[in-house]
file my_file.cif (mmCIF, C-alpha atoms and all ligand atoms)
data_upload
#
loop_
_atom_site.label_atom_id
_atom_site.label_comp_id
_atom_site.auth_asym_id
_atom_site.auth_seq_id
_atom_site.Cartn_x
_atom_site.Cartn_y
_atom_site.Cartn_z
CA MET P 10 -155.31 79.46 77.52
CA GLU P 11 -152.50 81.46 79.08
CA VAL P 12 -150.76 79.02 81.33
CA SER P 13 -147.15 79.83 80.75
CA VAL P 14 -147.11 83.39 82.08
CA THR P 15 -144.59 84.06 84.81
CA MET P 16 -146.05 85.11 88.11
CA GLN P 17 -144.22 88.23 89.20
CA ALA P 18 -143.96 91.27 86.99
CA THR P 19 -146.71 90.47 84.55
CA SER P 20 -149.32 89.32 87.03
CA GLY P 21 -151.43 91.07 89.65
CA PRO P 22 -155.05 91.99 90.17
CA GLY P 23 -155.06 94.56 87.39
CA ALA P 24 -153.19 92.54 84.80
CA VAL P 25 -155.12 91.82 81.66
CA GLY P 26 -155.37 88.30 80.32
CA VAL P 27 -153.18 86.81 83.02
CA ALA P 28 -154.67 83.95 84.98
CA PRO P 29 -153.31 83.91 88.53
CA GLY P 30 -152.00 80.92 90.36
CA VAL P 31 -153.09 80.29 93.91
CA GLU P 32 -150.54 79.61 96.64
CA VAL P 33 -151.83 78.54 100.02
CA SER P 34 -149.01 78.12 102.57
CA GLY P 35 -149.40 76.76 106.08
CA VAL P 36 -153.00 77.92 106.30
CA SER P 37 -155.00 77.04 109.37
CA LYS P 38 -158.40 78.15 110.57
CA THR P 39 -159.92 78.00 114.02
CA PHE P 40 -163.44 79.30 114.55
CA ARG P 41 -164.04 80.71 118.01
CA THR P 42 -167.58 79.91 119.03
CA SER P 43 -169.53 80.20 122.29
CA ALA P 44 -169.32 76.41 122.54
CA GLY P 45 -165.53 76.47 122.19
CA ASP P 46 -162.96 76.50 119.43
CA VAL P 47 -163.57 74.62 116.19
CA VAL P 48 -160.37 73.76 114.37
CA ALA P 49 -161.47 73.59 110.75
CA LEU P 50 -158.14 73.48 108.89
CA THR P 51 -154.56 72.81 109.90
CA ASP P 52 -151.40 73.48 107.95
CA ILE P 53 -152.74 73.50 104.40
CA ASP P 54 -150.16 73.84 101.64
CA LEU P 55 -151.65 74.00 98.19
CA GLU P 56 -150.46 75.34 94.89
CA VAL P 57 -152.88 75.77 92.02
CA ARG P 58 -151.19 76.33 88.71
CA GLN P 59 -152.43 79.20 86.59
CA GLY P 60 -155.22 78.17 84.27
CA SER P 61 -155.59 74.75 85.84
CA PHE P 62 -158.71 73.05 87.18
CA VAL P 63 -158.32 71.76 90.73
CA SER P 64 -161.00 70.03 92.78
CA LEU P 65 -161.23 69.62 96.54
CA VAL P 66 -162.87 66.48 97.92
CA GLY P 67 -163.20 65.31 101.49
CA PRO P 68 -165.72 64.35 104.15
CA SER P 69 -168.47 66.71 105.18
CA GLY P 70 -167.22 69.31 107.66
CA CYS P 71 -163.53 68.91 106.78
CA GLY P 72 -163.17 72.55 105.80
CA LYS P 73 -163.56 72.60 102.01
CA SER P 74 -165.91 75.60 102.01
CA THR P 75 -163.76 77.32 104.60
CA LEU P 76 -160.67 76.91 102.42
CA LEU P 77 -162.52 78.19 99.37
CA ARG P 78 -163.81 81.18 101.33
CA ILE P 79 -160.29 81.96 102.56
CA VAL P 80 -158.97 81.92 98.98
CA ALA P 81 -161.95 84.09 97.94
CA GLY P 82 -161.11 86.61 100.65
CA LEU P 83 -164.49 86.07 102.32
CA GLU P 84 -162.88 84.59 105.43
CA THR P 85 -159.58 85.31 107.15
CA SER P 86 -157.23 82.48 108.04
CA SER P 87 -155.90 82.03 111.58
CA GLY P 88 -152.40 81.37 110.29
CA GLY P 89 -150.41 81.01 107.10
CA SER P 90 -150.69 82.95 103.88
CA THR P 91 -152.80 82.91 100.73
CA LEU P 92 -151.49 84.46 97.55
CA VAL P 93 -153.30 84.87 94.27
CA ALA P 94 -151.03 85.84 91.40
CA GLY P 95 -148.36 86.52 93.97
CA THR P 96 -150.46 89.04 95.89
CA PRO P 97 -151.82 88.34 99.41
CA VAL P 98 -155.59 87.98 99.52
CA ASP P 99 -157.05 90.55 101.90
CA GLY P 100 -160.62 90.62 100.66
CA PRO P 101 -162.81 89.71 97.69
CA ARG P 102 -161.59 91.00 94.35
CA ARG P 103 -163.39 91.89 91.21
CA ASP P 104 -161.38 89.38 89.24
CA PHE P 105 -162.62 86.50 91.43
CA GLY P 106 -165.82 84.75 90.41
CA MET P 107 -167.71 82.69 92.99
CA VAL P 108 -170.48 80.16 92.46
CA PHE P 109 -172.23 78.66 95.48
CA GLN P 110 -174.18 75.45 96.01
CA GLN P 111 -177.50 77.23 95.64
CA PRO P 112 -177.70 79.75 92.82
CA VAL P 113 -177.86 83.11 94.57
CA LEU P 114 -180.10 85.01 92.18
CA LEU P 115 -182.28 87.96 93.17
CA PRO P 116 -185.88 86.80 92.68
CA TRP P 117 -187.20 90.25 91.73
CA LEU P 118 -184.75 90.71 88.86
CA THR P 119 -184.92 89.05 85.46
CA ILE P 120 -182.13 86.67 84.45
CA PHE P 121 -180.58 89.41 82.35
CA ARG P 122 -180.61 91.93 85.23
CA ASN P 123 -179.20 89.28 87.59
CA VAL P 124 -176.39 88.56 85.18
CA MET P 125 -175.73 92.27 84.70
CA LEU P 126 -175.39 92.87 88.47
CA PRO P 127 -171.56 92.92 88.51
CA ALA P 128 -171.59 95.44 85.65
CA ASP P 129 -174.29 97.49 87.40
CA VAL P 130 -172.32 97.50 90.64
CA ALA P 131 -169.28 98.69 88.71
CA ARG P 132 -171.55 101.29 87.03
CA ASP P 133 -170.60 99.83 83.69
CA ARG P 134 -173.48 100.64 81.35
CA SER P 135 -171.44 100.06 78.19
CA PRO P 136 -172.82 98.19 75.20
CA GLN P 137 -169.86 95.83 75.64
CA ALA P 138 -171.17 94.71 79.04
CA ARG P 139 -174.61 93.99 77.57
CA LYS P 140 -172.99 92.16 74.68
CA ARG P 141 -170.89 90.07 77.07
CA ALA P 142 -173.98 89.13 79.08
CA GLU P 143 -175.81 88.16 75.90
CA ASP P 144 -172.84 86.14 74.60
CA LEU P 145 -172.36 84.30 77.89
CA LEU P 146 -176.07 83.51 78.19
CA GLU P 147 -175.90 82.06 74.71
CA LEU P 148 -172.77 80.11 75.62
CA VAL P 149 -174.65 78.33 78.42
CA GLY P 150 -177.81 77.88 76.37
CA LEU P 151 -179.91 80.50 78.14
CA ASP P 152 -180.54 82.82 75.23
CA GLY P 153 -184.28 83.31 75.03
CA PHE P 154 -184.59 83.27 78.83
CA GLN P 155 -183.10 86.71 79.51
CA HIS P 156 -186.42 88.25 80.45
CA ARG P 157 -187.66 85.43 82.65
CA TYR P 158 -187.44 85.51 86.44
CA PRO P 159 -185.37 82.96 88.39
CA ARG P 160 -188.48 81.13 89.67
CA GLU P 161 -189.46 80.44 86.05
CA LEU P 162 -186.24 78.50 85.43
CA SER P 163 -185.19 75.01 86.49
CA GLY P 164 -182.45 74.56 89.11
CA GLY P 165 -179.90 73.75 86.41
CA MET P 166 -180.84 76.82 84.40
CA GLN P 167 -180.60 79.01 87.50
CA GLN P 168 -177.17 77.58 88.24
CA ARG P 169 -176.10 78.34 84.68
CA ALA P 170 -177.27 81.94 85.15
CA ALA P 171 -175.27 82.14 88.40
CA LEU P 172 -172.23 80.85 86.49
CA VAL P 173 -172.73 83.49 83.80
CA ARG P 174 -172.89 86.17 86.48
CA ALA P 175 -169.64 84.89 87.98
CA LEU P 176 -168.04 85.02 84.53
CA MET P 177 -169.24 88.55 83.75
CA SER P 178 -166.21 90.27 85.24
CA ARG P 179 -163.84 87.97 83.34
CA PRO P 180 -162.58 86.32 86.50
CA SER P 181 -159.05 85.06 86.35
CA LEU P 182 -159.96 82.90 89.35
CA LEU P 183 -163.21 80.94 89.49
CA LEU P 184 -164.21 79.46 92.86
CA MET P 185 -167.07 76.98 92.88
CA ASP P 186 -168.52 75.39 96.02
CA GLU P 187 -170.54 72.28 95.16
CA PRO P 188 -172.27 74.18 92.37
CA PHE P 189 -174.08 71.14 90.98
CA GLY P 190 -174.87 69.31 94.21
CA ALA P 191 -178.58 70.06 94.03
CA LEU P 192 -179.01 68.95 90.42
CA ASP P 193 -180.25 65.61 89.09
CA ALA P 194 -177.62 63.28 87.65
CA LEU P 195 -178.36 63.98 84.00
CA THR P 196 -178.41 67.78 84.38
CA ARG P 197 -175.24 67.51 86.40
CA GLU P 198 -173.46 65.66 83.59
CA THR P 199 -174.56 68.29 81.10
CA MET P 200 -173.36 71.05 83.40
CA ASN P 201 -170.01 69.30 83.83
CA SER P 202 -169.48 69.18 80.07
CA GLU P 203 -170.52 72.81 79.71
CA LEU P 204 -168.26 73.87 82.53
CA LEU P 205 -165.26 72.21 80.88
CA ARG P 206 -166.07 73.91 77.60
CA ILE P 207 -166.40 77.32 79.29
CA TRP P 208 -163.27 76.74 81.35
CA SER P 209 -161.24 75.90 78.25
CA GLU P 210 -162.58 79.02 76.53
CA THR P 211 -161.99 81.43 79.42
CA GLY P 212 -158.76 79.96 80.78
CA ALA P 213 -159.77 80.86 84.36
CA THR P 214 -157.91 79.12 87.15
CA THR P 215 -160.66 77.08 88.79
CA LEU P 216 -160.97 75.72 92.31
CA PHE P 217 -163.97 73.42 92.58
CA VAL P 218 -165.45 71.74 95.66
CA THR P 219 -167.47 68.57 95.22
CA HIS P 220 -168.63 65.48 97.09
CA SER P 221 -168.56 63.45 93.89
CA ILE P 222 -165.28 61.66 93.23
CA SER P 223 -166.20 60.91 89.62
CA GLU P 224 -167.14 64.55 89.00
CA ALA P 225 -163.78 65.62 90.43
CA VAL P 226 -161.86 63.13 88.25
CA PHE P 227 -163.80 64.04 85.13
CA LEU P 228 -163.25 67.79 85.50
CA SER P 229 -159.84 68.21 87.04
CA ASP P 230 -156.15 68.44 86.40
CA VAL P 231 -155.54 67.73 90.08
CA VAL P 232 -157.85 66.36 92.79
CA VAL P 233 -156.91 67.41 96.32
CA VAL P 234 -158.10 64.95 98.96
CA LEU P 235 -158.71 66.38 102.43
CA SER P 236 -158.96 64.40 105.65
CA GLY P 237 -161.81 64.68 108.14
CA ARG P 238 -161.84 67.71 110.44
CA PRO P 239 -159.50 69.33 111.04
CA GLY P 240 -158.82 69.21 107.33
CA THR P 241 -155.31 68.37 106.20
CA ILE P 242 -154.23 67.35 102.72
CA LEU P 243 -154.03 63.57 102.36
CA ASP P 244 -153.16 63.39 98.68
CA GLN P 245 -152.98 65.43 95.52
CA VAL P 246 -153.91 63.22 92.62
CA GLN P 247 -152.75 64.26 89.17
CA ILE P 248 -155.45 63.51 86.58
CA ASP P 249 -153.71 62.94 83.28
CA LEU P 250 -156.76 61.91 81.28
CA PRO P 251 -156.67 63.41 77.78
CA ARG P 252 -158.57 66.62 77.02
CA PRO P 253 -161.01 67.59 75.68
CA ARG P 254 -162.94 65.04 77.73
CA THR P 255 -166.23 63.36 77.12
CA PHE P 256 -167.93 61.03 79.59
CA ASP P 257 -166.52 58.00 77.77
CA VAL P 258 -163.22 58.82 79.43
CA MET P 259 -164.71 57.72 82.75
CA ASP P 260 -165.01 54.15 81.40
CA SER P 261 -161.24 53.94 80.93
CA PRO P 262 -159.05 51.82 83.25
CA GLU P 263 -157.04 54.94 84.11
CA ALA P 264 -160.16 56.79 85.29
CA SER P 265 -161.12 53.78 87.46
CA ARG P 266 -157.65 53.63 88.92
CA LEU P 267 -157.74 57.34 89.84
CA THR P 268 -161.28 57.12 91.23
CA ASN P 269 -160.34 54.11 93.35
CA ARG P 270 -157.23 55.80 94.67
CA ILE P 271 -159.28 58.79 95.87
CA ARG P 272 -162.08 56.61 97.21
CA GLY P 273 -159.50 54.53 99.09
CA HIS P 274 -158.31 57.60 101.01
CA LEU P 275 -161.80 58.57 102.02
CA HIS P 276 -163.06 55.10 102.92
CA ALA P 277 -159.90 54.31 104.85
CA ARG P 278 -160.95 57.04 107.24
CA GLY P 279 -164.57 56.07 107.44
CA ALA P 280 -165.77 58.89 105.24
CA VAL P 281 -167.60 58.22 102.02
CA GLY P 282 -166.89 60.82 99.37
N1 LIG A 1 -168.71 80.53 110.69
C1 LIG A 1 -168.41 79.43 111.38
N2 LIG A 1 -168.42 79.43 112.73
C2 LIG A 1 -168.08 78.32 113.43
N3 LIG A 1 -167.75 77.15 112.87
C3 LIG A 1 -167.74 77.08 111.53
C4 LIG A 1 -168.08 78.20 110.72
N4 LIG A 1 -167.97 77.85 109.42
C5 LIG A 1 -167.60 76.55 109.42
N5 LIG A 1 -167.45 76.10 110.68
C6 LIG A 1 -167.02 74.76 111.08
O1 LIG A 1 -165.81 74.47 110.40
C7 LIG A 1 -165.81 73.12 109.96
C8 LIG A 1 -165.60 73.09 108.47
O2 LIG A 1 -166.74 73.63 107.82
P1 LIG A 1 -166.87 73.72 106.24
O3 LIG A 1 -168.18 74.34 105.95
O4 LIG A 1 -165.68 74.38 105.70
O5 LIG A 1 -166.86 72.17 105.85
P2 LIG A 1 -167.10 71.49 104.41
O6 LIG A 1 -165.95 70.60 104.16
O7 LIG A 1 -167.39 72.54 103.41
O8 LIG A 1 -168.39 70.61 104.69
P3 LIG A 1 -169.56 70.19 103.67
O9 LIG A 1 -168.97 69.15 102.77
O10 LIG A 1 -170.61 69.61 104.55
O11 LIG A 1 -170.01 71.42 102.94
C9 LIG A 1 -167.11 72.51 110.42
O12 LIG A 1 -166.90 71.82 111.62
C10 LIG A 1 -168.00 73.70 110.66
O13 LIG A 1 -168.92 73.43 111.67
MG MG A 2 -169.07 73.00 102.26
#
call {"tool": "encode", "arguments": {"input": "my_file.cif", "output": "structure tokens"}}
result
Amino acid sequence: MEVSVTMQATSGPGAVGVAPGVEVSGVSKTFRTSAGDVVALTDIDLEVRQGSFVSLVGPSGCGKSTLLRIVAGLETSSGGSTLVAGTPVDGPRRDFGMVFQQPVLLPWLTIFRNVMLPADVARDRSPQARKRAEDLLELVGLDGFQHRYPRELSGGMQQRAALVRALMSRPSLLLMDEPFGALDALTRETMNSELLRIWSETGATTLFVTHSISEAVFLSDVVVVLSGRPGTILDQVQIDLPRPRTFDVMDSPEASRLTNRIRGHLHARGAVG
């Protein structure tokens, strides 16, 4: 994993093998609606180290998805700045991968064609692109399902295909918005382990939104705790559990201490995370 690369000269959207850091400074967001203004975020300062795994937790409606969408370039902020690898975000980039709560697969395309979409859009018909799709599908245990349609796969398998599609363009920044929220507990645990394995292999800086405190602790280097709306940062909890991690780590006193610290913030404000 390339984590020690300096930000300026060697980084940028076109740089090869350089994972960007994310710098959010003084970001706020107000939605103007017919029913009045909705202040979703105020004064968010957040730094995500290159190659690190950072989770956002906080009560429903506190602005987690909004923050993720601002970093992704899918939403503009009302104030402040967002830099990825030192460059202001002014729209989605090819080196950003996004995974949403529901796997957004096209029902009329096979899994393979769905996964190949980013390459198709970029008109990349190279054997290397096909090979990458095949390798990634194998990595997430979907080899043998290439020619099936999304409806023929379970929710977890569809989410894995969506993850593969997000990884196709070798994203240096992976943004995931409650990707496993719809999955049963066992599938979710499997997906968490697979995600950590893939993350350690790709080295992508990852920003992950979840409602599950234990999921956040298990996966992350840092858990960012947001307050209720308008979202502000209450705490940034460093997770120094050893890696590589297996679920046993969650039985440790240190994991309990971290989980309780995060839960304390959320319960103190009447919000259950
Ligand atoms: N496009 C929009 N127009 C108006 N208001 C919006 C829009 N998108 C989000 N909001 C409002 O901004 C606030 C934050 O929404 P957001 O979806 O970011 O919350 P969240 O933390 O992701 O919640 P959840 O955990 O339920 O997914 C909410 O009050 C929401 O109603
Ligand atoms: Mg959300």
call {"tool": "closest_atom_pairs", "arguments": {"input": "my_file.cif", "of": "stretch 71-128 of chain P", "to": "stretch 156-175 of chain P", "cutoff": "12 Å", "atoms": "only C-alpha atoms", "output": "Markdown table"}}
result
| residue | atom | partner | partner_atom | distance |
| --- | --- | --- | --- | --- |
| P:Arg102 | CA | P:Ala175 | CA | 11.9 |
| P:Arg103 | CA | P:Ala175 | CA | 9.9 |
| P:Asp104 | CA | P:Ala175 | CA | 9.5 |
| P:Phe105 | CA | P:Ala175 | CA | 8.0 |
| P:Gly106 | CA | P:Ala175 | CA | 4.5 |
| P:Met107 | CA | P:Ala175 | CA | 5.8 |
| P:Val108 | CA | P:Leu172 | CA | 6.3 |
| P:Phe109 | CA | P:Ala171 | CA | 8.5 |
| P:Gln110 | CA | P:Gln168 | CA | 8.6 |
| P:Gln111 | CA | P:Gln168 | CA | 7.4 |
| P:Pro112 | CA | P:Gln168 | CA | 5.1 |
| P:Val113 | CA | P:Ala171 | CA | 6.8 |
| P:Leu114 | CA | P:Ala171 | CA | 6.8 |
| P:Leu115 | CA | P:Pro159 | CA | 7.6 |
| P:Pro116 | CA | P:Pro159 | CA | 5.8 |
| P:Trp117 | CA | P:Tyr158 | CA | 7.1 |
| P:Leu118 | CA | P:Tyr158 | CA | 6.3 |
| P:Thr119 | CA | P:Tyr158 | CA | 4.5 |
| P:Ile120 | CA | P:Tyr158 | CA | 5.8 |
| P:Phe121 | CA | P:His156 | CA | 6.2 |
| P:Arg122 | CA | P:His156 | CA | 8.4 |
| P:Asn123 | CA | P:Arg174 | CA | 7.1 |
| P:Val124 | CA | P:Arg174 | CA | 4.4 |
| P:Met125 | CA | P:Arg174 | CA | 7.0 |
| P:Leu126 | CA | P:Arg174 | CA | 7.4 |
| P:Pro127 | CA | P:Arg174 | CA | 7.2 |
| P:Ala128 | CA | P:Arg174 | CA | 9.4 |
call {"tool": "closest_atom_pairs", "arguments": {"input": "my_file.cif", "of": "chain P", "to": "ligand LIG 1 (chain A)", "cutoff": "10 Å", "atoms": "all atoms listed in the file", "output": "CSV"}}
result
residue,atom,partner,partner_atom,distance
P:Lys38,CA,A:LIG1,O1,8.3
P:Thr39,CA,A:LIG1,O1,7.8
P:Phe40,CA,A:LIG1,C2,4.9
P:Arg41,CA,A:LIG1,C2,6.6
P:Thr42,CA,A:LIG1,C2,5.8
P:Ser43,CA,A:LIG1,C2,9.2
P:Ala44,CA,A:LIG1,C2,9.4
P:Gly45,CA,A:LIG1,C2,9.3
P:Asp46,CA,A:LIG1,C2,8.1
P:Val47,CA,A:LIG1,N3,5.9
P:Val48,CA,A:LIG1,O1,6.8
P:Ala49,CA,A:LIG1,C7,4.4
P:Leu50,CA,A:LIG1,C8,7.5
P:Leu65,CA,A:LIG1,O6,9.0
P:Val66,CA,A:LIG1,O6,8.1
P:Gly67,CA,A:LIG1,O6,6.5
P:Pro68,CA,A:LIG1,O9,6.0
P:Ser69,CA,A:LIG1,O9,3.5
P:Gly70,CA,A:LIG1,O5,3.4
P:Cys71,CA,A:LIG1,O6,3.9
P:Gly72,CA,A:LIG1,O4,3.1
P:Lys73,CA,A:LIG1,O6,3.8
P:Ser74,CA,A:LIG1,O7,3.7
P:Thr75,CA,A:LIG1,O4,3.7
P:Leu76,CA,A:LIG1,O4,6.5
P:Leu77,CA,A:LIG1,O4,8.0
P:Arg78,CA,A:LIG1,O4,8.3
P:Ile79,CA,A:LIG1,O4,9.8
P:Glu84,CA,A:LIG1,N1,8.8
P:Gln110,CA,A:LIG1,O11,9.0
P:Asp186,CA,A:LIG1,O7,8.0
P:Glu187,CA,A:LIG1,O11,7.8
P:Val218,CA,A:LIG1,O7,8.0
P:Thr219,CA,A:LIG1,O9,7.7
P:His220,CA,A:LIG1,O9,6.8
P:Leu235,CA,A:LIG1,O6,8.6
P:Ser236,CA,A:LIG1,O6,9.5
P:Gly237,CA,A:LIG1,O6,8.2
P:Arg238,CA,A:LIG1,O12,6.6
P:Pro239,CA,A:LIG1,C7,7.4
P:Gly240,CA,A:LIG1,C8,7.9
P:Gly282,CA,A:LIG1,O9,9.2
call {"tool": "atom_distance", "arguments": {"input": "my_file.cif", "atom1": "atom CA of P:Gly89", "atom2": "atom CA of P:Asp230"}}
result
24.9 Å
call {"tool": "atom_distance", "arguments": {"input": "my_file.cif", "atom1": "atom CA of P:Asp249", "atom2": "atom CA of P:Ser229"}}
result
8.9 Å
call {"tool": "closest_residue", "arguments": {"input": "my_file.cif", "among": "P:Ala81, P:Leu228, P:Met185, P:Ala264", "to": "ligand MG 2 (chain A)", "atoms": "all atoms listed in the file"}}
result
P:Met185
call {"tool": "closest_residue", "arguments": {"input": "my_file.cif", "among": "P:Asp133, P:Gly190, P:Pro253, P:Val226", "to": "ligand MG 2 (chain A)", "atoms": "all atoms listed in the file"}}
result
P:Gly190
call {"tool": "atom_distance", "arguments": {"input": "my_file.cif", "atom1": "atom CA of P:Thr85", "atom2": "atom CA of P:Glu56"}}
result
18.2 Å
call {"tool": "closest_residue", "arguments": {"input": "my_file.cif", "among": "P:Gln245, P:Leu195, P:Leu92, P:Leu83", "to": "P:Gly35", "atoms": "only C-alpha atoms"}}
result
P:Leu92
call {"tool": "residues_around", "arguments": {"input": "my_file.cif", "residues": "P:Val63", "least_positions_apart": "2", "cutoff": "8 Å", "atoms": "only C-alpha atoms", "output": "PyMOL selection string"}}
result
chain P and resi 57+61+65+215-217+229-233
call {"tool": "closest_residue", "arguments": {"input": "my_file.cif", "among": "P:Arg134, P:Arg254, P:Arg58, P:Arg179", "to": "P:Ser202", "atoms": "all atoms listed in the file"}}
result
P:Arg254
call {"tool": "closest_residue", "arguments": {"input": "my_file.cif", "among": "P:Val93, P:Met200, P:Ala213, P:Ile271", "to": "P:Ala225", "atoms": "all atoms listed in the file"}}
result
P:Ile271
call {"tool": "closest_residue", "arguments": {"input": "my_file.cif", "among": "P:Ser37, P:Asn269, P:Pro97, P:Phe62", "to": "P:Ser209", "atoms": "only C-alpha atoms"}}
result
P:Phe62
call {"tool": "decode", "arguments": {"input": "my_file.cif", "residues": "stretch 210-270 of chain P", "atoms": "C-alpha atoms", "output": "PDB file, in the first residue's frame"}}
result
ATOM      1  CA  GLU P 210      -4.744  -5.306  -1.807  1.00  0.00           C
ATOM      2  CA  THR P 211      -5.815  -2.163  -3.683  1.00  0.00           C
ATOM      3  CA  GLY P 212      -4.595   0.452  -1.218  1.00  0.00           C
ATOM      4  CA  ALA P 213      -7.535   2.742  -2.074  1.00  0.00           C
ATOM      5  CA  THR P 214      -8.313   5.521   0.370  1.00  0.00           C
ATOM      6  CA  THR P 215     -11.753   4.530   1.634  1.00  0.00           C
ATOM      7  CA  LEU P 216     -14.532   6.630   3.128  1.00  0.00           C
ATOM      8  CA  PHE P 217     -17.297   4.396   4.452  1.00  0.00           C
ATOM      9  CA  VAL P 218     -20.694   5.357   5.877  1.00  0.00           C
ATOM     10  CA  THR P 219     -22.426   2.977   8.256  1.00  0.00           C
ATOM     11  CA  HIS P 220     -25.027   2.872  11.014  1.00  0.00           C
ATOM     12  CA  SER P 221     -23.210   0.006  12.690  1.00  0.00           C
ATOM     13  CA  ILE P 222     -20.675   1.065  15.313  1.00  0.00           C
ATOM     14  CA  SER P 223     -19.097  -2.390  15.448  1.00  0.00           C
ATOM     15  CA  GLU P 224     -18.760  -2.496  11.658  1.00  0.00           C
ATOM     16  CA  ALA P 225     -17.060   0.907  11.750  1.00  0.00           C
ATOM     17  CA  VAL P 226     -14.641  -0.188  14.502  1.00  0.00           C
ATOM     18  CA  PHE P 227     -13.849  -3.476  12.798  1.00  0.00           C
ATOM     19  CA  LEU P 228     -13.056  -1.899   9.430  1.00  0.00           C
ATOM     20  CA  SER P 229     -11.503   1.454  10.162  1.00  0.00           C
ATOM     21  CA  ASP P 230      -8.334   3.296  10.987  1.00  0.00           C
ATOM     22  CA  VAL P 231     -10.440   6.237  12.149  1.00  0.00           C
ATOM     23  CA  VAL P 232     -14.146   6.492  12.997  1.00  0.00           C
ATOM     24  CA  VAL P 233     -15.606   9.974  12.572  1.00  0.00           C
ATOM     25  CA  VAL P 234     -18.643  10.592  14.783  1.00  0.00           C
ATOM     26  CA  LEU P 235     -21.126  13.174  13.533  1.00  0.00           C
ATOM     27  CA  SER P 236     -23.774  14.923  15.616  1.00  0.00           C
ATOM     28  CA  GLY P 237     -27.449  15.106  14.721  1.00  0.00           C
ATOM     29  CA  ARG P 238     -28.477  17.579  12.023  1.00  0.00           C
ATOM     30  CA  PRO P 239     -26.883  19.881  11.221  1.00  0.00           C
ATOM     31  CA  GLY P 240     -23.963  17.495  11.221  1.00  0.00           C
ATOM     32  CA  THR P 241     -20.790  18.582  12.969  1.00  0.00           C
ATOM     33  CA  ILE P 242     -17.872  16.385  13.958  1.00  0.00           C
ATOM     34  CA  LEU P 243     -18.131  15.275  17.587  1.00  0.00           C
ATOM     35  CA  ASP P 244     -15.100  13.011  17.709  1.00  0.00           C
ATOM     36  CA  GLN P 245     -12.537  11.285  15.553  1.00  0.00           C
ATOM     37  CA  VAL P 246     -11.681   7.975  17.136  1.00  0.00           C
ATOM     38  CA  GLN P 247      -8.377   6.378  16.203  1.00  0.00           C
ATOM     39  CA  ILE P 248      -8.778   2.597  15.896  1.00  0.00           C
ATOM     40  CA  ASP P 249      -5.425   1.052  16.683  1.00  0.00           C
ATOM     41  CA  LEU P 250      -6.512  -2.578  16.588  1.00  0.00           C
ATOM     42  CA  PRO P 251      -3.888  -4.756  14.896  1.00  0.00           C
ATOM     43  CA  ARG P 252      -4.232  -5.668  11.215  1.00  0.00           C
ATOM     44  CA  PRO P 253      -4.973  -7.915   9.453  1.00  0.00           C
ATOM     45  CA  ARG P 254      -8.170  -8.215  11.487  1.00  0.00           C
ATOM     46  CA  THR P 255     -10.470 -11.123  12.061  1.00  0.00           C
ATOM     47  CA  PHE P 256     -13.736 -10.914  13.980  1.00  0.00           C
ATOM     48  CA  ASP P 257     -12.013 -12.192  17.132  1.00  0.00           C
ATOM     49  CA  VAL P 258     -10.549  -8.713  17.463  1.00  0.00           C
ATOM     50  CA  MET P 259     -14.019  -7.435  18.346  1.00  0.00           C
ATOM     51  CA  ASP P 260     -13.951  -9.535  21.542  1.00  0.00           C
ATOM     52  CA  SER P 261     -10.918  -7.634  22.820  1.00  0.00           C
ATOM     53  CA  PRO P 262     -11.206  -5.098  25.673  1.00  0.00           C
ATOM     54  CA  GLU P 263      -9.766  -2.422  23.374  1.00  0.00           C
ATOM     55  CA  ALA P 264     -12.521  -2.979  20.793  1.00  0.00           C
ATOM     56  CA  SER P 265     -15.162  -2.724  23.550  1.00  0.00           C
ATOM     57  CA  ARG P 266     -13.609   0.464  24.845  1.00  0.00           C
ATOM     58  CA  LEU P 267     -13.652   2.047  21.369  1.00  0.00           C
ATOM     59  CA  THR P 268     -17.193   0.854  20.650  1.00  0.00           C
ATOM     60  CA  ASN P 269     -18.417   2.243  23.969  1.00  0.00           C
ATOM     61  CA  ARG P 270     -16.721   5.568  23.389  1.00  0.00           C
TER      62      ARG P 270
END
